[in-house]
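Peer 1: Below is start.cif; it holds mmCIF, C-alpha atoms and all ligand atoms.
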data_my_file
#
loop_
_atom_site.group_PDB
_atom_site.id
_atom_site.type_symbol
_atom_site.label_atom_id
_atom_site.label_comp_id
_atom_site.auth_asym_id
_atom_site.auth_seq_id
_atom_site.Cartn_x
_atom_site.Cartn_y
_atom_site.Cartn_z
ATOM 1 C CA MET A 19 -29.078 27.674 5.814
ATOM 2 C CA PRO A 20 -30.240 29.047 2.449
ATOM 3 C CA ASP A 21 -33.897 29.396 1.560
ATOM 4 C CA LEU A 22 -34.790 25.953 0.277
ATOM 5 C CA LYS A 23 -38.342 26.635 -0.685
ATOM 6 C CA ILE A 24 -39.885 23.774 -2.667
ATOM 7 C CA ARG A 25 -40.580 25.000 -6.193
ATOM 8 C CA LYS A 26 -43.964 24.068 -7.549
ATOM 9 C CA PHE A 27 -45.341 23.415 -11.006
ATOM 10 C CA PRO A 28 -45.323 25.425 -13.340
ATOM 11 C CA GLU A 29 -42.081 27.155 -12.251
ATOM 12 C CA ALA A 30 -39.559 27.222 -15.106
ATOM 13 C CA ILE A 31 -36.626 25.763 -13.127
ATOM 14 C CA LEU A 32 -38.519 22.446 -12.930
ATOM 15 C CA ARG A 33 -38.269 22.179 -16.695
ATOM 16 C CA ARG A 34 -34.538 22.724 -16.917
ATOM 17 C CA LYS A 35 -32.085 19.932 -17.616
ATOM 18 C CA ALA A 36 -29.831 20.118 -14.554
ATOM 19 C CA ALA A 37 -26.110 20.749 -15.060
ATOM 20 C CA ARG A 38 -23.631 17.971 -14.328
ATOM 21 C CA VAL A 39 -21.488 18.432 -11.236
ATOM 22 C CA GLU A 40 -17.820 18.670 -12.214
ATOM 23 C CA LYS A 41 -16.408 18.176 -8.749
ATOM 24 C CA VAL A 42 -17.975 17.374 -5.380
ATOM 25 C CA THR A 43 -16.868 20.162 -3.056
ATOM 26 C CA ILE A 44 -17.958 21.431 0.329
ATOM 27 C CA SER A 45 -20.602 23.469 -1.477
ATOM 28 C CA GLU A 46 -22.245 20.357 -3.006
ATOM 29 C CA ARG A 47 -22.011 18.546 0.331
ATOM 30 C CA SER A 48 -23.783 21.335 2.174
ATOM 31 C CA MET A 49 -26.431 21.563 -0.577
ATOM 32 C CA LEU A 50 -27.116 17.835 -0.184
ATOM 33 C CA THR A 51 -27.453 18.228 3.583
ATOM 34 C CA ASP A 52 -29.843 21.166 3.173
ATOM 35 C CA MET A 53 -31.829 19.252 0.561
ATOM 36 C CA ALA A 54 -32.195 16.297 2.946
ATOM 37 C CA SER A 55 -33.534 18.651 5.646
ATOM 38 C CA ALA A 56 -36.016 20.149 3.175
ATOM 39 C CA MET A 57 -37.112 16.659 2.112
ATOM 40 C CA TYR A 58 -37.701 15.474 5.690
ATOM 41 C CA LEU A 59 -39.451 18.727 6.573
ATOM 42 C CA SER A 60 -41.865 18.253 3.659
ATOM 43 C CA GLN A 61 -42.340 14.555 4.483
ATOM 44 C CA GLY A 62 -41.090 13.540 1.060
ATOM 45 C CA VAL A 63 -39.059 10.420 0.309
ATOM 46 C CA GLY A 64 -36.991 12.047 -2.424
ATOM 47 C CA LEU A 65 -35.917 15.482 -3.602
ATOM 48 C CA ALA A 66 -33.979 16.711 -6.629
ATOM 49 C CA ALA A 67 -31.945 19.931 -6.565
ATOM 50 C CA VAL A 68 -34.092 21.629 -9.227
ATOM 51 C CA GLN A 69 -37.044 21.310 -6.826
ATOM 52 C CA VAL A 70 -35.319 23.796 -4.536
ATOM 53 C CA GLY A 71 -34.130 26.005 -7.385
ATOM 54 C CA ILE A 72 -30.606 24.577 -7.734
ATOM 55 C CA ASP A 73 -29.595 23.792 -11.297
ATOM 56 C CA LYS A 74 -27.332 20.808 -10.522
ATOM 57 C CA GLN A 75 -27.532 17.032 -10.840
ATOM 58 C CA LEU A 76 -28.010 16.376 -7.130
ATOM 59 C CA ALA A 77 -30.724 14.328 -5.438
ATOM 60 C CA VAL A 78 -31.500 12.895 -2.015
ATOM 61 C CA ILE A 79 -33.663 9.855 -1.297
ATOM 62 C CA ASP A 80 -34.828 8.170 1.882
ATOM 63 C CA VAL A 81 -37.555 5.580 1.483
ATOM 64 C CA GLY A 82 -37.095 4.408 5.058
ATOM 65 C CA GLU A 83 -33.895 2.450 4.341
ATOM 66 C CA GLY A 84 -31.510 5.319 5.121
ATOM 67 C CA LEU A 85 -30.515 8.547 3.393
ATOM 68 C CA ILE A 86 -28.834 8.321 -0.015
ATOM 69 C CA LYS A 87 -27.160 11.369 -1.571
ATOM 70 C CA LEU A 88 -26.691 11.162 -5.326
ATOM 71 C CA VAL A 89 -24.505 13.275 -7.583
ATOM 72 C CA ASN A 90 -24.782 12.856 -11.393
ATOM 73 C CA PRO A 91 -26.916 9.691 -11.132
ATOM 74 C CA VAL A 92 -27.252 7.475 -14.215
ATOM 75 C CA ILE A 93 -29.332 4.323 -14.685
ATOM 76 C CA LEU A 94 -27.175 1.547 -16.115
ATOM 77 C CA LYS A 95 -29.723 -1.271 -16.180
ATOM 78 C CA ARG A 96 -33.488 -1.637 -15.899
ATOM 79 C CA GLU A 97 -35.438 -4.795 -15.125
ATOM 80 C CA GLY A 98 -39.146 -5.589 -15.064
ATOM 81 C CA LEU A 99 -42.065 -3.166 -15.009
ATOM 82 C CA GLU A 100 -44.436 -2.067 -12.304
ATOM 83 C CA THR A 101 -47.267 0.464 -12.192
ATOM 84 C CA GLN A 102 -47.747 2.462 -8.995
ATOM 85 C CA GLU A 103 -49.322 5.732 -7.995
ATOM 86 C CA GLU A 104 -46.826 8.534 -7.345
ATOM 87 C CA GLY A 105 -46.979 12.007 -5.911
ATOM 88 C CA CYS A 106 -44.475 14.842 -6.122
ATOM 89 C CA LEU A 107 -43.597 17.683 -3.737
ATOM 90 C CA SER A 108 -43.607 20.014 -6.746
ATOM 91 C CA CYS A 109 -47.082 18.938 -7.893
ATOM 92 C CA PRO A 110 -49.091 18.993 -4.640
ATOM 93 C CA GLY A 111 -52.383 17.128 -4.690
ATOM 94 C CA LEU A 112 -51.608 15.242 -7.886
ATOM 95 C CA TYR A 113 -51.159 11.465 -7.923
ATOM 96 C CA VAL A 114 -50.373 9.694 -11.171
ATOM 97 C CA LYS A 115 -50.118 5.984 -11.966
ATOM 98 C CA ILE A 116 -46.739 5.543 -13.620
ATOM 99 C CA LYS A 117 -45.205 2.452 -15.181
ATOM 100 C CA ARG A 118 -41.536 2.221 -14.252
ATOM 101 C CA ALA A 119 -38.793 -0.390 -14.086
ATOM 102 C CA ARG A 120 -39.126 -2.643 -11.031
ATOM 103 C CA LYS A 121 -35.365 -2.794 -10.525
ATOM 104 C CA VAL A 122 -32.615 -0.430 -11.580
ATOM 105 C CA LEU A 123 -28.851 -0.457 -11.357
ATOM 106 C CA VAL A 124 -27.769 3.109 -10.642
ATOM 107 C CA SER A 125 -24.317 4.630 -10.883
ATOM 108 C CA TYR A 126 -23.632 7.929 -9.121
ATOM 109 C CA ILE A 127 -20.976 9.905 -7.317
ATOM 110 C CA ASP A 128 -21.347 9.941 -3.552
ATOM 111 C CA GLU A 129 -20.706 12.952 -1.310
ATOM 112 C CA LYS A 130 -17.060 11.959 -0.900
ATOM 113 C CA GLY A 131 -16.591 12.090 -4.651
ATOM 114 C CA ASP A 132 -16.392 8.316 -5.153
ATOM 115 C CA ILE A 133 -18.208 6.497 -7.947
ATOM 116 C CA THR A 134 -20.794 4.187 -6.388
ATOM 117 C CA GLU A 135 -23.428 1.762 -7.651
ATOM 118 C CA ILE A 136 -26.666 0.589 -6.070
ATOM 119 C CA ASN A 137 -29.096 -2.103 -7.060
ATOM 120 C CA ALA A 138 -32.444 -0.560 -6.253
ATOM 121 C CA SER A 139 -35.827 -2.273 -6.187
ATOM 122 C CA GLY A 140 -39.341 -1.462 -5.000
ATOM 123 C CA LEU A 141 -39.950 2.083 -3.780
ATOM 124 C CA LEU A 142 -36.238 2.939 -3.921
ATOM 125 C CA ALA A 143 -36.102 2.045 -7.633
ATOM 126 C CA ARG A 144 -39.201 4.171 -8.233
ATOM 127 C CA ALA A 145 -37.749 7.096 -6.279
ATOM 128 C CA VAL A 146 -34.476 6.965 -8.237
ATOM 129 C CA GLN A 147 -36.363 7.027 -11.543
ATOM 130 C CA HIS A 148 -38.578 9.875 -10.313
ATOM 131 C CA GLU A 149 -35.580 11.998 -9.244
ATOM 132 C CA LEU A 150 -33.776 11.277 -12.520
ATOM 133 C CA ASP A 151 -36.862 12.568 -14.333
ATOM 134 C CA HIS A 152 -36.561 15.798 -12.321
ATOM 135 C CA LEU A 153 -32.918 16.175 -13.325
ATOM 136 C CA SER A 154 -33.957 16.077 -16.970
ATOM 137 C CA GLY A 155 -36.886 18.463 -16.501
ATOM 138 C CA LYS A 156 -39.646 15.853 -16.495
ATOM 139 C CA LEU A 157 -42.610 15.844 -14.079
ATOM 140 C CA ILE A 158 -45.299 13.283 -13.182
ATOM 141 C CA ILE A 159 -47.871 15.417 -15.017
ATOM 142 C CA ASP A 160 -46.050 14.552 -18.270
ATOM 143 C CA TYR A 161 -47.200 10.940 -17.915
ATOM 144 C CA LEU A 162 -50.839 12.004 -18.338
ATOM 145 C CA GLY A 163 -52.734 12.243 -21.614
ATOM 146 C CA PRO A 164 -53.748 15.725 -22.884
ATOM 147 C CA VAL A 165 -57.232 15.838 -21.292
ATOM 148 C CA LYS A 166 -56.114 14.539 -17.894
ATOM 149 C CA LYS A 167 -53.223 16.963 -18.026
ATOM 150 C CA ILE A 168 -55.554 19.965 -18.272
ATOM 151 C CA LEU A 169 -57.585 18.717 -15.286
ATOM 152 C CA ALA A 170 -54.389 17.996 -13.327
ATOM 153 C CA LYS A 171 -53.081 21.541 -13.848
ATOM 154 C CA LYS A 172 -56.241 22.918 -12.213
ATOM 155 C CA LYS A 173 -55.920 20.445 -9.368
ATOM 156 C CA ILE A 174 -52.266 21.306 -8.623
ATOM 157 C CA SER A 175 -53.000 24.989 -8.263
ATOM 158 C CA LYS A 176 -55.783 24.349 -5.738
ATOM 159 C CA SER A 177 -54.712 21.391 -3.662
ATOM 160 C CA ALA A 178 -52.167 20.958 -0.899
ATOM 161 C CA GLY A 179 -53.476 17.698 0.553
ATOM 162 C CA TYR A 180 -51.294 14.717 1.346
ATOM 163 C CA CYS A 181 -52.420 11.154 0.800
ATOM 164 C CA GLY A 182 -49.516 9.214 -0.667
ATOM 165 C CA VAL A 183 -45.830 8.962 -1.487
ATOM 166 C CA LYS A 184 -44.208 12.254 -2.434
ATOM 167 C CA LEU A 185 -40.856 12.350 -4.212
HETATM 168 ZN ZN ZN B 201 -41.003 14.990 -7.634
#
What do you get writing this file as structure tokens?
Ligand code: ZN
Peer 2:
Amino acid sequence: MPDLKIRKFPEAILRRKAARVEKVTISERSMLTDMASAMYLSQGVGLAAVQVGIDKQLAVIDVGEGLIKLVNPVILKREGLETQEEGCLSCPGLYVKIKRARKVLVSYIDEKGDITEINASGLLARAVQHELDHLSGKLIIDYLGPVKKILAKKKISKSAGYCGVKL
């Protein structure tokens, strides 16, 4: 198993727009499996490939409804809005209230290479939107205003506590 160390803010890889996967091969499948292990080990409910230093559009999510492995995910439809506090494995100690769609229709390629769609709501919808942010280089800290952002940067570097949902 490769070294799947969780990359933390402000590492540059977290700001990269992840490359699309051209073809799902054994290499992508094993990356997804390793990413799932890293996610469970860190007690997260979601993990994007860039968070373990892999520049590819891959993500894993398990909000307690089973493991989902996503390749090249795209949101086709958004419905409603909901504000909830969110944490991130790459921004330890930081929790940000973020307004996101309550429901999303997501299209992605599964690990067999088939195009799949899911109708996600609740925490799953939030996790999908959070991981999609990662794949475009966006972090929860970006949802803060300039002053809060400065305070948050100090907090991330110091804290490693866990008190909420980490994605
Ligand atoms: Zn995250």
Peer 1: Could you pull out the residues sitting within 8 Å of ligand ZN 201 (chain B), using all atoms listed in the file, and write them as a PyMOL selection string?
Peer 2: chain A and resi 64-66+69+105-109+148-149+152+157-158+184-185
Peer 1: Going by the chain IDs and residue numbers used in this file, which residues fall under the PyMOL selection byres (((chain A and resi 90) around 8) and not hetatm)? Write them as a list of chain:residue names.
Peer 2: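 For this structure, the PyMOL selection byres (((chain A and resi 90) around 8) and not hetatm) resolves to A:Arg38, A:Val39, A:Gln75, A:Leu76, A:Leu88, A:Val89, A:Pro91, A:Val92, A:Tyr126, A:Ile127.
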Peer 1: For the atom pair CA of Glu97 in chain A and CA of Val122 in chain A, what is the interatomic distance in Å to one decimal place?
Peer 2: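 Separation between CA of Glu97 in chain A and CA of Val122 in chain A: 6.3 Å.
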Peer 1: Between CA of Ala170 in chain A and CA of Phe27 in chain A, what is the distance, to one decimal in Å?
Peer 2: 10.8 Å
Peer 1: Using all atoms listed in the file, find each residue in range 74-174 of chain A having at least one atom no more than 7 Å away from range 47-53 of chain A; report its shortest atom-to-atom pair and that distance in Å (one decimal), rows by chain then rising number, as JSON lines.
Peer 2:
{"residue": "A:Val78", "atom": "CA", "partner": "A:Leu50", "partner_atom": "CA", "distance": 6.9}
{"residue": "A:Lys87", "atom": "CA", "partner": "A:Leu50", "partner_atom": "CA", "distance": 6.6}
{"residue": "A:Glu129", "atom": "CA", "partner": "A:Arg47", "partner_atom": "CA", "distance": 6.0}
Peer 1: Which residue gives the smallest distance to Ile136 in chain A among A:Ala77, A:Ile86, A:Ala37, A:Ile116, with all atoms listed in the file counted?
Peer 2: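 Using all atoms listed in the file, the shortest distance to Ile136 in chain A belongs to A:Ile86.
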Peer 1: Take CA of Asp73 in chain A and CA of Ile133 in chain A and report the distance between them in Å, one decimal.
Peer 2: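 CA of Ile133 in chain A lies 21.0 Å from CA of Asp73 in chain A.
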Peer 1: Go through the shown structure with the PyMOL selection byres (((chain A and resi 22) around 10) and not hetatm) and write out the matching residues as number ranges by chain.
Peer 2: A: 19-21, 23-25, 49, 52-53, 55-57, 67, 69-72
Peer 1: Report as an MDAnalysis selection string the residues that result from applying the PyMOL selection byres (((chain A and resi 113) around 8) and not hetatm) to the structure here.
Peer 2: chainID A and resid 103:106 111:112 114:115 182
Peer 1: Which residue out of A:Asp80, A:Asp160, A:Glu100, A:Glu40 has the minimum interatomic distance to Arg120 in chain A when all atoms listed in the file are used?
Peer 2: A:Glu100
